[in-house]
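Quick notes on the structure that follows.
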2 protein chains.
Amino acid sequence: MNGRSTVVASALADADATAFVHVGDRHDAALRYLVGFDGPACEFAYVHVDHPVVCVPPAYEARARQSLDGDEVRTLDGPPGLAARAVLDDALDAPGTVLVPRHLPHDAAVHLESGGYDLASTRAVADARAVKTDAELDRHRAAQSGAERAMAAVASTLSAADPADGELHADDRPLTPARLRRVANVALAEAGVSDAGNTVVRSDAAPIDGVVRSDAADGEPLGVSDLLTVAVAPREPGGYHGVLARTFVVESDGGWERRAAVAVDASRRVGVDTAAPGEDASYVRAEATAELGSFGLSPVALTPELPAVARGVGLDLDEAPDFASETPLEPGHVFVLAPAVRGEKGLVGTADLAVVTEDGAELVGSVPTSLSP
Amino acid sequence: MNGRSTVVASALADADATAFVHVGDRHDAALRYLVGFDGPACEFAYVHVDHPVVCVPPAYEARARQSLDGDEVRTLDGPPGLAARAVLDDALDAPGTVLVPRHLPHDAAVHLESGGYDLASTRAVADARAVKTDAELDRHRAAQSGAERAMAAVASTLSAADPADGELHADDRPLTPARLRRVANVALAEAGVSDAGNTVVRSDAAPIDGVVRSDAADGEPLGVSDLLTVAVAPREPGGYHGVLARTFVVESDGGWERRAAVAVDASRRVGVDTAAPGEDASYVRAEATAELGSFGLSPVALTPELPAVARGVGLDLDEAPDFASETPLEPGHVFVLAPAVRGEKGLVGTADLAVVTEDGAELVGSVPTSLSP
């Protein structure tokens, strides 16, 4: 038992429900949270009547037994929804209400309903995930430390680059966003974290970041005065995210981007200073947004993976607490603070991991925000 | 339009259904296949009545428009299931039958059903994904080429290692599975592919591979006669997998592992030679299994991510064609061929990517299967 099943037990008591069921694969953060390991590529089932029962394919039984330490592990042989219903049928005299996360796969829901069980959505696991334990915070810090190494590697490659004819070169070849993306990902691998497919290096010369991220081609060389966005969101082996983004310009002519960077810095400071236990998450976002507004600027998302201003993060890049609604912050809440703005020259912004502490909030790690690499 | 919506249009015609709906996030391979880009970390919706309509958060609209080239892109503002229902309500005079993949999230199903729509499961997208186009095969080859580089990097580190007192050392430090895992992941990053969290390096001294994979600690040094499993399953930027696994022993005393390796090689050859268009996938698996049996050995999964003997692969590590049931193979089917056996000294096995061609099947790439690194 990794302790997390108490979350489920409380939800069952609160809702006066009979059982909890979830089905998903290794990408399902709720399941990863509950079972404590990255499960199979195929779907598996988690069932709780009075204790957790995990139904996994044979190859995962050893891992499940080790991680779950005494919880019941059954061999999955067929659709996980049917396996879950069999566990319920074994444990219960009569069907009742079963709590399920809202994203339970439809076929599993149909299997349960055809067994006479009523389904009711629960946010219990998603809500519990919002508050990180010390062990989870350590994992976030490990991921963020990898992110910092990647950013340092990119910055050092950029600052060592040779500006010739207005374009950047390294090792006598043009320096492209795709090359820098590889530099970032190698540094992440060296740090023992996975890039998780989230690394974005784009210059605003490119129309959209999808091009740089999804295309193996090296693309156009970077110009010395291009605004360059570098964003990483690696996962450490336990699955928790780091998030770090910076804008770089090798030769800035001052002007708009300097002012934008000052505004972004100010917004970031306001975000950290405003966040505290009991404070409303949407207020924090509103204050950081207002600070950009005082410079005549509006917030945008620096990359599609990053939020405009703030969003909860953990095993997913998008999880509770919800900064778009009135949510009281609590110690252990982890969020991405990502003020960014768009001007005629492109995007300027930063993204950092922040954690709510007992008496305020703090950024995880400390990476300069200077536009100069 | 990327051409894949014809899969959906045919399924609608075949089932005499009104529409197709799916909801999921970037981890959903069916959506990735349909939209052709890696979507948001949050859920989004794909709806097809007479043409595809994609509902994504604002930050993804540019990427969606580029990838979908003329298809309809709507701004997602609220639950994707509700957005999908609104698209249906706009396009239809009356509710009808809506085809959905079996893993449509439960809440989206409830939103559709409460709008009067009947849901029916379809395997159309999963089945269509089984046959890869030339462009998809190129992506598999790119991922596999990265996998080969990783395997070469690990083998060269192992063969250069210094055996002292029965343990392996490199750069005057003990060589551990965790260090080798990092070597593999750095090589993957250098090759421009993502490790996807799938890299496993384990010696059979470790109780289960979860330990090596999920623990940042460096662990026990490798012994010179340890059986070492090295498995990678990277994704190229388009999301398609490479899969490669080998067993290494630095100083083999011959005996069991040599014989096991001969059996594994023979099974692999039988698998490739048996697979062909029209042949039954489960027969291919049975023949490769029987070959192991002729050595008195039974198949096991080399790592939990790998199949016992054979399984379809693509955007997911586990997809059609299904090698556990009677499925006629077709040109363009891609599968993992992974014969492996367990003995008292541990596991011996290989895993390779294979593709069904017009007149047979072939392995993608060619990596030696020698136990000696």
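Ordering of the structure tokens sets the chain letters (A, B, ...), residue numbers begin anew at 1 in every chain, and ligands are numbered from 1 in the order given.
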Mind checking which residues fall within 10 Å of Arg74 of chain A, counting only C-alpha atoms, ignoring those fewer than 2 positions away in the same chain, and posting them as a PDB file with N, CA and C atoms, in the first residue's frame?
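The resulting file, selection20.pdb, is shown below:
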ATOM      1  N   ALA A  45      -6.557  -2.260 -15.000  1.00  0.00           N
ATOM      2  CA  ALA A  45      -7.672  -1.821 -14.153  1.00  0.00           C
ATOM      3  C   ALA A  45      -7.249  -1.664 -12.697  1.00  0.00           C
ATOM      4  N   VAL A  53      -7.308  -3.364  -5.619  1.00  0.00           N
ATOM      5  CA  VAL A  53      -7.013  -4.545  -6.420  1.00  0.00           C
ATOM      6  C   VAL A  53      -6.586  -4.046  -7.795  1.00  0.00           C
ATOM      7  N   VAL A  54      -5.404  -4.479  -8.225  1.00  0.00           N
ATOM      8  CA  VAL A  54      -4.889  -4.037  -9.509  1.00  0.00           C
ATOM      9  C   VAL A  54      -4.848  -5.233 -10.449  1.00  0.00           C
ATOM     10  N   CYS A  55      -5.449  -5.077 -11.633  1.00  0.00           N
ATOM     11  CA  CYS A  55      -5.478  -6.155 -12.629  1.00  0.00           C
ATOM     12  C   CYS A  55      -4.548  -5.766 -13.771  1.00  0.00           C
ATOM     13  N   VAL A  56      -3.406  -6.460 -13.866  1.00  0.00           N
ATOM     14  CA  VAL A  56      -2.400  -6.126 -14.880  1.00  0.00           C
ATOM     15  C   VAL A  56      -2.032  -7.369 -15.694  1.00  0.00           C
ATOM     16  N   PRO A  57      -1.497  -7.145 -16.908  1.00  0.00           N
ATOM     17  CA  PRO A  57      -1.017  -8.284 -17.693  1.00  0.00           C
ATOM     18  C   PRO A  57       0.111  -9.003 -16.932  1.00  0.00           C
ATOM     19  N   PRO A  58       0.318 -10.299 -17.212  1.00  0.00           N
ATOM     20  CA  PRO A  58       1.299 -11.097 -16.470  1.00  0.00           C
ATOM     21  C   PRO A  58       2.676 -10.438 -16.345  1.00  0.00           C
ATOM     22  N   GLU A  61       3.052  -8.102 -13.340  1.00  0.00           N
ATOM     23  CA  GLU A  61       2.662  -8.489 -11.982  1.00  0.00           C
ATOM     24  C   GLU A  61       3.777  -8.266 -10.965  1.00  0.00           C
ATOM     25  N   ALA A  64       4.045  -4.610 -10.224  1.00  0.00           N
ATOM     26  CA  ALA A  64       2.883  -4.166  -9.456  1.00  0.00           C
ATOM     27  C   ALA A  64       2.989  -4.623  -8.004  1.00  0.00           C
ATOM     28  N   ARG A  65       3.381  -5.879  -7.805  1.00  0.00           N
ATOM     29  CA  ARG A  65       3.500  -6.381  -6.433  1.00  0.00           C
ATOM     30  C   ARG A  65       4.543  -5.600  -5.645  1.00  0.00           C
ATOM     31  N   ASP A  71      -0.745  -4.995  -1.651  1.00  0.00           N
ATOM     32  CA  ASP A  71      -2.079  -4.879  -2.244  1.00  0.00           C
ATOM     33  C   ASP A  71      -2.312  -6.061  -3.178  1.00  0.00           C
ATOM     34  N   GLU A  72      -3.580  -6.237  -3.516  1.00  0.00           N
ATOM     35  CA  GLU A  72      -3.918  -7.405  -4.316  1.00  0.00           C
ATOM     36  C   GLU A  72      -3.610  -7.160  -5.793  1.00  0.00           C
ATOM     37  N   LEU A  76      -4.542  -9.943 -15.534  1.00  0.00           N
ATOM     38  CA  LEU A  76      -5.518  -9.450 -16.487  1.00  0.00           C
ATOM     39  C   LEU A  76      -5.555 -10.388 -17.691  1.00  0.00           C
ATOM     40  N   ASP A  77      -6.755 -10.837 -18.011  1.00  0.00           N
ATOM     41  CA  ASP A  77      -6.898 -11.747 -19.139  1.00  0.00           C
ATOM     42  C   ASP A  77      -8.211 -11.404 -19.828  1.00  0.00           C
ATOM     43  N   ALA A  83     -12.687  -7.262 -16.234  1.00  0.00           N
ATOM     44  CA  ALA A  83     -11.921  -7.694 -15.061  1.00  0.00           C
ATOM     45  C   ALA A  83     -12.356  -6.895 -13.834  1.00  0.00           C
ATOM     46  N   VAL A  87     -14.104  -8.235 -10.280  1.00  0.00           N
ATOM     47  CA  VAL A  87     -13.635  -7.928  -8.921  1.00  0.00           C
ATOM     48  C   VAL A  87     -14.804  -7.412  -8.080  1.00  0.00           C
TER      49      VAL A  87
END
Write out, as CSV, each residue of chain A that has an atom at most 7 Å from chain B, together with the closest pair of atoms and their distance in Å to one decimal, counting only C-alpha atoms, rows going by chain and rising number.
residue,atom,partner,partner_atom,distance
A:His27,CA,B:His27,CA,6.6
A:Pro40,CA,B:Glu305,CA,6.6
A:Ala41,CA,B:Leu317,CA,6.1
A:Cys42,CA,B:Asp318,CA,6.4
A:Ala59,CA,B:Pro304,CA,5.0
A:Tyr60,CA,B:Pro304,CA,5.9
A:Ala62,CA,B:Ile208,CA,6.9
A:Arg63,CA,B:Gly210,CA,5.9
A:Arg102,CA,B:Asp107,CA,5.2
A:His103,CA,B:Pro105,CA,4.2
A:Leu104,CA,B:His106,CA,5.2
A:Pro105,CA,B:His103,CA,4.2
A:His106,CA,B:His106,CA,4.8
A:Asp107,CA,B:Arg102,CA,5.1
A:Ala109,CA,B:His106,CA,6.7
A:Arg182,CA,B:Gly192,CA,6.1
A:Asn185,CA,B:Ala189,CA,5.4
A:Val186,CA,B:Ala189,CA,5.0
A:Ala189,CA,B:Val186,CA,5.0
A:Glu190,CA,B:Val186,CA,6.0
A:Gly192,CA,B:Arg182,CA,6.2
A:Ser194,CA,B:Gly197,CA,6.2
A:Asp195,CA,B:Ser194,CA,6.7
A:Ala196,CA,B:Ala196,CA,6.0
A:Gly197,CA,B:Ser194,CA,6.3
A:Ile208,CA,B:Arg63,CA,6.6
A:Gly210,CA,B:Arg63,CA,5.9
A:Ser214,CA,B:Pro237,CA,4.9
A:Asp215,CA,B:Pro237,CA,6.7
A:Pro237,CA,B:Ser214,CA,4.9
A:Gly238,CA,B:Ser214,CA,6.0
A:Ala301,CA,B:Ala59,CA,6.7
A:Pro304,CA,B:Ala59,CA,5.0
A:Glu305,CA,B:Pro40,CA,6.6
A:Leu317,CA,B:Ala41,CA,6.2
A:Asp318,CA,B:Ala41,CA,6.2
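Nearest to Gly296 of chain B of all the residues B:Ala263, B:Val364, B:Ala340, B:Asp89 is B:Ala263, based on only C-alpha atoms.
Those residues that approach Leu371 of chain A to within 7 Å, counting only C-alpha atoms, are A:Thr247, A:Phe248, A:Val249; same-chain residues fewer than 3 positions away are not listed.
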Computed gap from atom CA of Leu315 of chain A to atom CA of Ala152 of chain A is 24.2 Å
For a test of reading the model, state the distance in Å between atom CA of Asp226 of chain A and atom CA of Lys345 of chain A, rounded to one decimal.
8.2 Å
Asp265 of chain A surroundings by only C-alpha atoms, 10 Å radius, close-in-sequence under 5 positions cut, as a ChimeraX atom specification
/A:259-260,270-271,291-292,339-340,349-350,369-370
Apply DSSP to the structure's backbone, then extract all residues of segment 75-280 of chain B labelled strand (DSSP E or B) and return them as a PyMOL selection string.
chain B and resi 75+97-100+105+118-121+131+162-164+167-170+173-174+194+200-203+223+228-232+235+241+244-248+280
Let me make sure I understand: among B:Pro221, B:Pro234, B:Gly166, B:Gly36, which one has the smallest atom-to-atom distance to Arg149 of chain B if we use only C-alpha atoms?
B:Pro234
Hey, which of A:Ala286, A:Val243, A:Ala150, A:Val49 ends up closest to Leu99 of chain A? Count only C-alpha atoms.
A:Val49
Could you tell me, as a ChimeraX atom specification, which residues of segment 165-357 of chain A DSSP assigns to helix (DSSP H, G or I) when given the backbone?
/A:177-190,209-214,256-274,281-293
Just-selected residues, N, CA and C atoms written as a short mmCIF file (atom, residue, chain, number, x, y, z; two decimals), in the first residue's frame:
data_model
loop_
_atom_site.label_atom_id
_atom_site.label_comp_id
_atom_site.auth_asym_id
_atom_site.auth_seq_id
_atom_site.Cartn_x
_atom_site.Cartn_y
_atom_site.Cartn_z
N PRO A 177 17.38 25.96 -35.14
CA PRO A 177 16.57 25.55 -33.98
C PRO A 177 16.62 24.04 -33.76
N ALA A 178 16.60 23.24 -34.85
CA ALA A 178 16.62 21.78 -34.70
C ALA A 178 17.91 21.31 -34.03
N ARG A 179 19.04 21.95 -34.37
CA ARG A 179 20.30 21.57 -33.72
C ARG A 179 20.27 21.91 -32.24
N LEU A 180 19.73 23.08 -31.93
CA LEU A 180 19.66 23.49 -30.52
C LEU A 180 18.72 22.59 -29.72
N ARG A 181 17.66 22.15 -30.39
CA ARG A 181 16.72 21.23 -29.73
C ARG A 181 17.45 19.94 -29.35
N ARG A 182 18.31 19.49 -30.23
CA ARG A 182 19.07 18.28 -29.96
C ARG A 182 20.05 18.51 -28.80
N VAL A 183 20.67 19.68 -28.78
CA VAL A 183 21.57 20.03 -27.67
C VAL A 183 20.80 19.95 -26.35
N ALA A 184 19.60 20.49 -26.34
CA ALA A 184 18.78 20.47 -25.12
C ALA A 184 18.45 19.03 -24.72
N ASN A 185 18.05 18.21 -25.70
CA ASN A 185 17.63 16.85 -25.38
C ASN A 185 18.79 15.96 -24.95
N VAL A 186 19.97 16.18 -25.52
CA VAL A 186 21.15 15.43 -25.07
C VAL A 186 21.45 15.79 -23.61
N ALA A 187 21.36 17.07 -23.28
CA ALA A 187 21.62 17.49 -21.89
C ALA A 187 20.59 16.88 -20.94
N LEU A 188 19.35 16.81 -21.37
CA LEU A 188 18.31 16.18 -20.54
C LEU A 188 18.65 14.71 -20.31
N ALA A 189 19.04 14.01 -21.38
CA ALA A 189 19.38 12.58 -21.26
C ALA A 189 20.57 12.41 -20.33
N GLU A 190 21.56 13.30 -20.46
CA GLU A 190 22.73 13.22 -19.58
C GLU A 190 22.32 13.42 -18.12
N ASP A 209 5.36 26.69 -34.04
CA ASP A 209 6.36 25.84 -33.41
C ASP A 209 6.22 24.38 -33.80
N GLY A 210 5.03 23.99 -34.27
CA GLY A 210 4.87 22.62 -34.71
C GLY A 210 5.92 22.24 -35.75
N VAL A 211 6.29 23.20 -36.56
CA VAL A 211 7.26 22.94 -37.61
C VAL A 211 8.59 22.47 -37.01
N VAL A 212 9.07 23.27 -36.07
CA VAL A 212 10.36 22.96 -35.48
C VAL A 212 10.29 21.67 -34.67
N ARG A 213 9.18 21.48 -33.97
CA ARG A 213 9.13 20.35 -33.08
C ARG A 213 8.94 19.03 -33.79
N SER A 214 8.18 19.03 -34.86
CA SER A 214 7.81 17.76 -35.47
C SER A 214 8.64 17.44 -36.70
N TRP A 256 11.86 47.05 -28.24
CA TRP A 256 10.66 46.37 -27.76
C TRP A 256 10.97 45.18 -26.86
N GLU A 257 11.90 44.29 -27.28
CA GLU A 257 12.08 43.06 -26.52
C GLU A 257 12.65 43.31 -25.12
N ARG A 258 13.44 44.39 -24.98
CA ARG A 258 13.96 44.72 -23.64
C ARG A 258 12.80 45.09 -22.71
N ARG A 259 11.92 45.92 -23.26
CA ARG A 259 10.77 46.36 -22.46
C ARG A 259 9.86 45.16 -22.14
N ALA A 260 9.67 44.30 -23.13
CA ALA A 260 8.85 43.11 -22.91
C ALA A 260 9.46 42.23 -21.83
N ALA A 261 10.80 42.09 -21.85
CA ALA A 261 11.46 41.25 -20.87
C ALA A 261 11.31 41.83 -19.46
N VAL A 262 11.36 43.15 -19.36
CA VAL A 262 11.16 43.81 -18.06
C VAL A 262 9.73 43.53 -17.56
N ALA A 263 8.78 43.62 -18.46
CA ALA A 263 7.38 43.36 -18.10
C ALA A 263 7.20 41.91 -17.65
N VAL A 264 7.80 40.97 -18.39
CA VAL A 264 7.69 39.55 -18.06
C VAL A 264 8.31 39.27 -16.69
N ASP A 265 9.48 39.86 -16.45
CA ASP A 265 10.13 39.70 -15.15
C ASP A 265 9.24 40.23 -14.02
N ALA A 266 8.66 41.37 -14.25
CA ALA A 266 7.81 41.99 -13.23
C ALA A 266 6.59 41.12 -12.97
N SER A 267 6.02 40.57 -14.04
CA SER A 267 4.83 39.72 -13.91
C SER A 267 5.18 38.45 -13.14
N ARG A 268 6.34 37.89 -13.44
CA ARG A 268 6.79 36.68 -12.76
C ARG A 268 6.95 36.95 -11.26
N ARG A 269 7.53 38.10 -10.94
CA ARG A 269 7.73 38.46 -9.53
C ARG A 269 6.38 38.61 -8.83
N VAL A 270 5.45 39.27 -9.51
CA VAL A 270 4.11 39.43 -8.93
C VAL A 270 3.45 38.07 -8.71
N GLY A 271 3.61 37.18 -9.66
CA GLY A 271 3.03 35.84 -9.52
C GLY A 271 3.55 35.12 -8.30
N VAL A 272 4.87 35.12 -8.12
CA VAL A 272 5.47 34.44 -6.97
C VAL A 272 5.07 35.13 -5.67
N ASP A 273 5.09 36.47 -5.68
CA ASP A 273 4.79 37.21 -4.45
C ASP A 273 3.33 37.08 -4.04
N THR A 274 2.45 36.93 -5.00
CA THR A 274 1.01 36.88 -4.70
C THR A 274 0.59 35.49 -4.23
N ALA A 281 -6.18 31.01 -6.61
CA ALA A 281 -5.29 30.80 -7.76
C ALA A 281 -5.62 31.75 -8.90
N SER A 282 -6.90 31.98 -9.16
CA SER A 282 -7.26 32.85 -10.28
C SER A 282 -6.87 34.31 -9.99
N TYR A 283 -6.82 34.66 -8.71
CA TYR A 283 -6.36 36.00 -8.34
C TYR A 283 -4.87 36.15 -8.65
N VAL A 284 -4.10 35.09 -8.36
CA VAL A 284 -2.67 35.12 -8.66
C VAL A 284 -2.47 35.34 -10.16
N ARG A 285 -3.25 34.59 -10.95
CA ARG A 285 -3.12 34.74 -12.39
C ARG A 285 -3.54 36.13 -12.84
N ALA A 286 -4.61 36.63 -12.22
CA ALA A 286 -5.11 37.96 -12.59
C ALA A 286 -4.09 39.04 -12.26
N GLU A 287 -3.43 38.91 -11.11
CA GLU A 287 -2.45 39.93 -10.72
C GLU A 287 -1.23 39.92 -11.64
N ALA A 288 -0.76 38.70 -11.97
CA ALA A 288 0.39 38.59 -12.87
C ALA A 288 0.03 39.12 -14.26
N THR A 289 -1.22 38.89 -14.66
CA THR A 289 -1.71 39.41 -15.95
C THR A 289 -1.80 40.92 -15.92
N ALA A 290 -2.30 41.45 -14.79
CA ALA A 290 -2.45 42.90 -14.66
C ALA A 290 -1.09 43.59 -14.74
N GLU A 291 -0.07 42.93 -14.22
CA GLU A 291 1.27 43.53 -14.27
C GLU A 291 1.74 43.67 -15.72
N LEU A 292 1.45 42.65 -16.54
CA LEU A 292 1.75 42.78 -17.97
C LEU A 292 0.94 43.92 -18.57
N GLY A 293 -0.32 44.01 -18.12
CA GLY A 293 -1.21 45.06 -18.61
C GLY A 293 -0.69 46.45 -18.30
#
Excluding same-chain residues fewer than 2 positions from Asp171 of chain A, what lies within 9 Å of it counting only C-alpha atoms, as a PDB file with N, CA and C atoms, in the first residue's frame?
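Output contents, as saved in out39.pdb:
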ATOM      1  N   ALA A 161      28.367  30.712 -30.195  1.00  0.00           N
ATOM      2  CA  ALA A 161      28.143  30.662 -31.646  1.00  0.00           C
ATOM      3  C   ALA A 161      28.822  31.843 -32.331  1.00  0.00           C
ATOM      4  N   ASP A 162      29.140  31.623 -33.592  1.00  0.00           N
ATOM      5  CA  ASP A 162      29.871  32.606 -34.377  1.00  0.00           C
ATOM      6  C   ASP A 162      28.880  33.353 -35.267  1.00  0.00           C
ATOM      7  N   HIS A 169      26.565  30.500 -36.441  1.00  0.00           N
ATOM      8  CA  HIS A 169      27.216  29.254 -36.834  1.00  0.00           C
ATOM      9  C   HIS A 169      27.868  28.614 -35.615  1.00  0.00           C
ATOM     10  N   ARG A 173      29.074  25.065 -38.976  1.00  0.00           N
ATOM     11  CA  ARG A 173      27.805  24.793 -39.647  1.00  0.00           C
ATOM     12  C   ARG A 173      26.772  25.773 -39.118  1.00  0.00           C
ATOM     13  N   PRO A 174      25.757  26.062 -39.930  1.00  0.00           N
ATOM     14  CA  PRO A 174      24.719  26.982 -39.457  1.00  0.00           C
ATOM     15  C   PRO A 174      24.038  26.412 -38.206  1.00  0.00           C
ATOM     16  N   LEU A 175      23.773  27.285 -37.259  1.00  0.00           N
ATOM     17  CA  LEU A 175      23.073  26.857 -36.047  1.00  0.00           C
ATOM     18  C   LEU A 175      21.573  27.022 -36.288  1.00  0.00           C
TER      19      LEU A 175
END
